[in-house]
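Engineer: This is the structure, below, for whatever I ask next.
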Amino acid sequence: MRCCLRLIAVELILLAAPLAALAGPPKPLVFEISYSKELSASPMDGHILLIISKGDMPVAAGFGVQEGIETQQAFGVDVDAWQPGTAARVDASTLGYPLESVRQLVPGEYSVRAVLNVYETFHLGNGRVVKLPPDKGEGQHWQTKPGNFLSAPQKLHLDPEASGTIRVTLDHKIPALEEELAEVDSVLDWRPIAHPASVDDNKWERHVHMRSELLSKFWGRPTEISAVVLVPDGWDEHPDARYPVLISEDHYHRHFFPGFRTTPPDPAGEERERRVQQSGWRFFQDWTSGRLPRVLIVMPQHANPYFDDSYAVNSENLGPYGDAIMHELLPMIEKKFHGLGQGWARAVYGGSTGGWETLAAQVFYPDEINGAWAGCPDPIDFRSYGPVNIYEDKNAYFREGPFMKVPLPEKRKTNGIIDTTMEMENRHELVLGTHGRSGEQWDIWQAVFGPMGDDGYPKAIWDKRTGEIDKSVADYWREHSDLTFIMKRDWATLGPKLAGKLNFAVGDMDTWYLNNAVHLAESVLTDPKLFPPANATFKYGPLQPHCYQGIALNAPAIERSNELQMRIGEMVKHIEDTAPAGSDVKSWKY
């Protein structure tokens with residue numbers, strides 16, 4: 001019996017040998033991504049993202065691809081004239097984030113999903129032709145953009161040395177924003193953070209949009225610009241009143257006015273969410289009870305192919321958004337909603353992106369704005385562009401000595417712990433989109449602050465792979481977008497128009513090191529040789545992170561609820577105190 005068993009074992013081994021030879025050696029991991037004619041019979045332009053997650057695929061916006069150590073893995077591939085049924089490859093040579101190559105994956109169980117961010121061809125007014133992701137009402141977010149292609153998540157065992165070719169099929173599209181959320185849920189298996197394509201007005205929130213001739217000429221196609229307008233209590237009943245205008249600079253919020261809640265907080269909600277809701281509810285009560293000055297608050301909306309916001313200035317890569325807002329949109333709104341329509345009766349405020357826009361609006365349109373309240377502004381002095389001095393540093397990713405090379409941080413916690421580095425975050429953006437098309441922060445700054453390259457895309461301030469800074473681009477930034485440099489350079493003419501109008505607040509442990517640029521601006525604006533004196537105000541929040549605007553983020557709820565209300569009062573008082581003789585300062589005080 002033992003003899004027979006040995007013979008059977010030998011025969012099995014001999015049989016398995018040719019089968020193994022026929023199968024060949026293990027093949028390295030390769031993904032082949034395709035789409036069917038049912039999705040599109042025409043070739044597609046765009047950018048493929050292959051997303052790999054440990055365990056289940058995250059359902060949060062971006063499928064968990066984000067800055068910081070909690071990110072999922074992503075690989076990016078450009079496609080031009082991509083034909084249905086033709087495979088696009090992700091292999092060991094494809095750039096990834098945070099791992100650079102599929103070869104670095106640890107063998108194990110993963111979830112895999114692919115997205116095609118669809119590009120359209122823009123024939124710009126200057127003759128350049130570029131391929132970009134148009135905004136379709138979602139606020140320039142590839143994960144919720146209507147028409148983008150998606151694959152269903154797959155759970156797979158991946159081994160970079162032995163998994164061979166894995167095929168991924170893009171089999172459905174992100175639906176239009178006006179479709180029912182229930183249907184969106186059934187298709188995507190998650191509820192996207194998206195903005196509806198159409199919105200309804202209510203008694204206080206009004207929505208306006210218009211075709212901008214300036215932007216249409218730049219983009220080579222009809223281009224709209226819009227705004228959310230908050231009208232005061234009693235607006236309908238007082239047609240003869242004329243109101244000051246406060247311009248609220250913020251990200252894309254087409255469907256609502258952030259921080260304005262017409263219903264009480266949900267008692268069953270989480271504490272943090274209840275605090276936010278309480279703040280909005282308190283603002284609504286103050287706004288509609290006469291406890292606040294009766295003014296118009298205008299929030300311009302200007303999502304574009306590079307970001308959810310244009311930074312509200314004229315720029316080579318995005319076009320004349322500053323002029324479109326100030327000379328097309330704002331006059332239309334003031335006429336429609338009974339604004340006073342004069343520079344002395346306008347002030348501007350905002351935080352972060354809105355903080356930079358606030359200062360820029362005051363600097364570039366000094367006669368048309370009467371006061372700027374800039375909170376936690378994006379870099380207003382490029383000697384501290386985050387942790388980088390673009391004029392003196394050679395590299396944006398590392399500090400280098402004769403024997404040592406130290407990575408530069410990009411994001412930190414208030415205790416100083418680093419979340420990510422400059423190199424990692426810039427590679428994150430490069431994987432999300434080449435030629436500055438990631439839709440993320442460093443790319444939009446580059447598009448707004450810098451020149452257009454010969455290819456029609458933003459000219460890079462530094463090499464995205466190495467971090468080497470292009471000094472010719474840095475020189476352009478200084479002359480056109482470095483707000484501190486521009487104020488100092490042009491103070492002889494700007495000073496009389498800006499004195500007493502500039503107000504800053506920032507946390508001294510800002511998450512993205514933005515406080516350093518504010519300190520540099522303060523050193524310029526408080527220089528005793530400056531004439532006339534700037535009389536600017538500066539508030540620094542000890543140990544406060546990003547979004548500090550004058551009240552600590554951990555302050556009692558009642559203080560946080562009153563933050564915007566107090567700022568409104570301060571702005572309106574400034575407008576009244578500086579109004580020219582004979583101005584209308586009464587019709588809106590009913």
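How things are named: the first chain in the structure tokens is A, the next is B, and so on; residues count from 1 in each chain; ligands count from 1 in the order shown.
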Using DSSP on the backbone coordinates, identify all residues within segment 129-172 of chain A classified as strand (DSSP E or B); present the result as a PyMOL selection string.
Structural biologist: chain A and resi 129-132+149-150+154-158+165-170+172
Engineer: Now that the selection is made, can you save its residues with all heavy atoms as a short mmCIF file (atom, residue, chain, number, x, y, z; two decimals), in the first residue's frame?
Structural biologist:
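As written to disk, selection-v2.cif reads:
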```
data_model
loop_
_atom_site.label_atom_id
_atom_site.label_comp_id
_atom_site.auth_asym_id
_atom_site.auth_seq_id
_atom_site.Cartn_x
_atom_site.Cartn_y
_atom_site.Cartn_z
N VAL A 129 -4.80 76.49 -26.95
CA VAL A 129 -5.77 75.41 -26.85
C VAL A 129 -5.35 74.51 -25.69
O VAL A 129 -4.22 73.99 -25.67
CB VAL A 129 -5.86 74.60 -28.16
CG1 VAL A 129 -6.86 73.46 -28.00
CG2 VAL A 129 -6.26 75.51 -29.31
N VAL A 130 -6.24 74.32 -24.72
CA VAL A 130 -5.92 73.51 -23.55
C VAL A 130 -7.07 72.55 -23.26
O VAL A 130 -8.21 72.80 -23.65
CB VAL A 130 -5.66 74.41 -22.31
CG1 VAL A 130 -4.37 75.18 -22.47
CG2 VAL A 130 -6.82 75.36 -22.07
N LYS A 131 -6.76 71.49 -22.55
CA LYS A 131 -7.75 70.51 -22.13
C LYS A 131 -7.88 70.57 -20.62
O LYS A 131 -6.90 70.35 -19.90
CB LYS A 131 -7.37 69.10 -22.60
CG LYS A 131 -7.35 68.97 -24.11
CD LYS A 131 -6.96 67.57 -24.56
CE LYS A 131 -6.98 67.48 -26.09
NZ LYS A 131 -6.63 66.11 -26.57
N LEU A 132 -9.10 70.87 -20.14
CA LEU A 132 -9.32 71.13 -18.72
C LEU A 132 -10.63 70.50 -18.27
O LEU A 132 -11.55 70.30 -19.08
CB LEU A 132 -9.36 72.63 -18.46
CG LEU A 132 -8.12 73.45 -18.80
CD1 LEU A 132 -8.43 74.94 -18.74
CD2 LEU A 132 -6.98 73.11 -17.86
N PHE A 149 -16.57 59.30 -15.35
CA PHE A 149 -16.76 57.85 -15.40
C PHE A 149 -16.26 57.21 -14.10
O PHE A 149 -15.24 57.63 -13.55
CB PHE A 149 -15.98 57.24 -16.56
CG PHE A 149 -16.44 57.65 -17.93
CD1 PHE A 149 -17.47 58.57 -18.11
CD2 PHE A 149 -15.84 57.11 -19.06
CE1 PHE A 149 -17.89 58.95 -19.38
CE2 PHE A 149 -16.24 57.48 -20.33
CZ PHE A 149 -17.27 58.40 -20.49
N LEU A 150 -16.96 56.17 -13.67
CA LEU A 150 -16.59 55.44 -12.46
C LEU A 150 -16.63 53.94 -12.71
O LEU A 150 -17.42 53.46 -13.52
CB LEU A 150 -17.57 55.75 -11.32
CG LEU A 150 -17.46 57.06 -10.55
CD1 LEU A 150 -18.62 57.18 -9.59
CD2 LEU A 150 -16.14 57.13 -9.81
N GLN A 154 -13.83 47.00 -6.37
CA GLN A 154 -13.53 45.57 -6.38
C GLN A 154 -12.65 45.24 -5.18
O GLN A 154 -11.70 45.96 -4.89
CB GLN A 154 -12.76 45.18 -7.65
CG GLN A 154 -13.47 45.43 -8.96
CD GLN A 154 -12.61 44.97 -10.12
OE1 GLN A 154 -12.24 43.80 -10.22
NE2 GLN A 154 -12.25 45.90 -11.00
N LYS A 155 -12.95 44.15 -4.52
CA LYS A 155 -12.09 43.65 -3.46
C LYS A 155 -11.17 42.58 -4.05
O LYS A 155 -11.63 41.59 -4.60
CB LYS A 155 -12.92 43.09 -2.31
CG LYS A 155 -13.67 44.16 -1.53
CD LYS A 155 -14.34 43.59 -0.29
CE LYS A 155 -14.99 44.70 0.54
NZ LYS A 155 -15.62 44.18 1.77
N LEU A 156 -9.86 42.82 -3.92
CA LEU A 156 -8.88 41.98 -4.59
C LEU A 156 -7.70 41.68 -3.67
O LEU A 156 -7.38 42.48 -2.78
CB LEU A 156 -8.35 42.67 -5.85
CG LEU A 156 -9.37 43.06 -6.92
CD1 LEU A 156 -8.71 43.99 -7.93
CD2 LEU A 156 -9.91 41.82 -7.61
N HIS A 157 -7.07 40.55 -3.92
CA HIS A 157 -5.76 40.28 -3.30
C HIS A 157 -4.70 40.75 -4.28
O HIS A 157 -4.68 40.32 -5.44
CB HIS A 157 -5.57 38.79 -3.02
CG HIS A 157 -4.22 38.49 -2.41
ND1 HIS A 157 -3.99 38.59 -1.06
CD2 HIS A 157 -3.04 38.13 -2.99
CE1 HIS A 157 -2.73 38.29 -0.81
NE2 HIS A 157 -2.13 38.01 -1.97
N LEU A 158 -3.85 41.67 -3.83
CA LEU A 158 -2.83 42.23 -4.71
C LEU A 158 -1.44 41.85 -4.21
O LEU A 158 -1.14 41.95 -3.03
CB LEU A 158 -2.93 43.76 -4.75
CG LEU A 158 -4.26 44.35 -5.24
CD1 LEU A 158 -4.19 45.88 -5.23
CD2 LEU A 158 -4.60 43.84 -6.64
N THR A 165 -2.06 40.77 -14.66
CA THR A 165 -2.91 41.84 -15.19
C THR A 165 -4.29 41.80 -14.55
O THR A 165 -4.95 40.76 -14.56
CB THR A 165 -3.04 41.73 -16.71
OG1 THR A 165 -1.73 41.84 -17.30
CG2 THR A 165 -3.95 42.82 -17.26
N ILE A 166 -4.71 42.93 -14.02
CA ILE A 166 -6.05 43.08 -13.44
C ILE A 166 -6.81 44.11 -14.26
O ILE A 166 -6.32 45.22 -14.49
CB ILE A 166 -5.97 43.51 -11.96
CG1 ILE A 166 -5.38 42.38 -11.12
CG2 ILE A 166 -7.34 43.92 -11.44
CD1 ILE A 166 -5.17 42.72 -9.68
N ARG A 167 -7.97 43.72 -14.72
CA ARG A 167 -8.77 44.60 -15.58
C ARG A 167 -9.83 45.33 -14.76
O ARG A 167 -10.53 44.73 -13.96
CB ARG A 167 -9.39 43.80 -16.71
CG ARG A 167 -8.34 43.27 -17.69
CD ARG A 167 -8.91 42.37 -18.77
NE ARG A 167 -7.86 42.03 -19.71
CZ ARG A 167 -6.97 41.05 -19.52
NH1 ARG A 167 -7.02 40.32 -18.41
NH2 ARG A 167 -6.05 40.80 -20.43
N VAL A 168 -9.93 46.62 -15.00
CA VAL A 168 -10.90 47.48 -14.31
C VAL A 168 -11.74 48.17 -15.39
O VAL A 168 -11.18 48.79 -16.30
CB VAL A 168 -10.20 48.53 -13.43
CG1 VAL A 168 -11.22 49.44 -12.77
CG2 VAL A 168 -9.31 47.85 -12.39
N THR A 169 -13.05 48.05 -15.27
CA THR A 169 -13.94 48.63 -16.27
C THR A 169 -14.74 49.79 -15.69
O THR A 169 -15.42 49.64 -14.66
CB THR A 169 -14.92 47.57 -16.81
OG1 THR A 169 -14.18 46.49 -17.37
CG2 THR A 169 -15.82 48.17 -17.89
N LEU A 170 -14.62 50.95 -16.32
CA LEU A 170 -15.47 52.09 -15.96
C LEU A 170 -16.84 51.81 -16.56
O LEU A 170 -17.00 51.76 -17.78
CB LEU A 170 -14.88 53.38 -16.53
CG LEU A 170 -13.46 53.72 -16.04
CD1 LEU A 170 -12.84 54.82 -16.90
CD2 LEU A 170 -13.47 54.15 -14.59
N HIS A 172 -20.12 53.21 -15.24
CA HIS A 172 -21.22 54.14 -15.06
C HIS A 172 -20.69 55.55 -14.88
O HIS A 172 -19.49 55.77 -14.67
CB HIS A 172 -22.10 53.75 -13.87
CG HIS A 172 -21.40 53.64 -12.56
ND1 HIS A 172 -20.70 52.51 -12.16
CD2 HIS A 172 -21.27 54.51 -11.54
CE1 HIS A 172 -20.19 52.69 -10.96
NE2 HIS A 172 -20.52 53.91 -10.57
#
```
Engineer: Write out as a ChimeraX atom specification the residues lying within 9 Å of segment 43-53 of chain A, counting only C-alpha atoms and excluding same-chain residues fewer than 5 positions away.
Structural biologist: /A:31,33,58,63-65,71-84,88,90,109-121,131-133,431-434
Engineer: Might you pull out every residue within 8 Å of Ala92 of chain A, with only C-alpha atoms counted and same-chain residues fewer than 5 positions away left off, and present them as number ranges by chain?
Structural biologist: A: 29-30, 101-103
Engineer: From the set A:Ser40, A:Ser289, A:Asn426, A:Asn395, which residue has the shortest atom-to-atom contact distance to Gly96 of chain A, counting only C-alpha atoms?
Structural biologist: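 Closest residue, counting only C-alpha atoms: A:Asn426.
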Engineer: Enter the distance from atom CA of Arg465 of chain A to atom CA of Glu100 of chain A, in Å, rounded to one decimal.
Structural biologist: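 Separation between atom CA of Arg465 of chain A and atom CA of Glu100 of chain A: 11.1 Å.
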Engineer: Tell me, as a list in words, which residues lie within 9 Å of Pro409 of chain A, counting only C-alpha atoms; anything in the same chain fewer than 3 positions away does not count.
Structural biologist: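 Selected residues are Gly386, Pro387, Tyr397, Phe398, Arg412, Ile418, Asp419, Thr420, Thr421, Met422, Glu423 and Trp512 of chain A.
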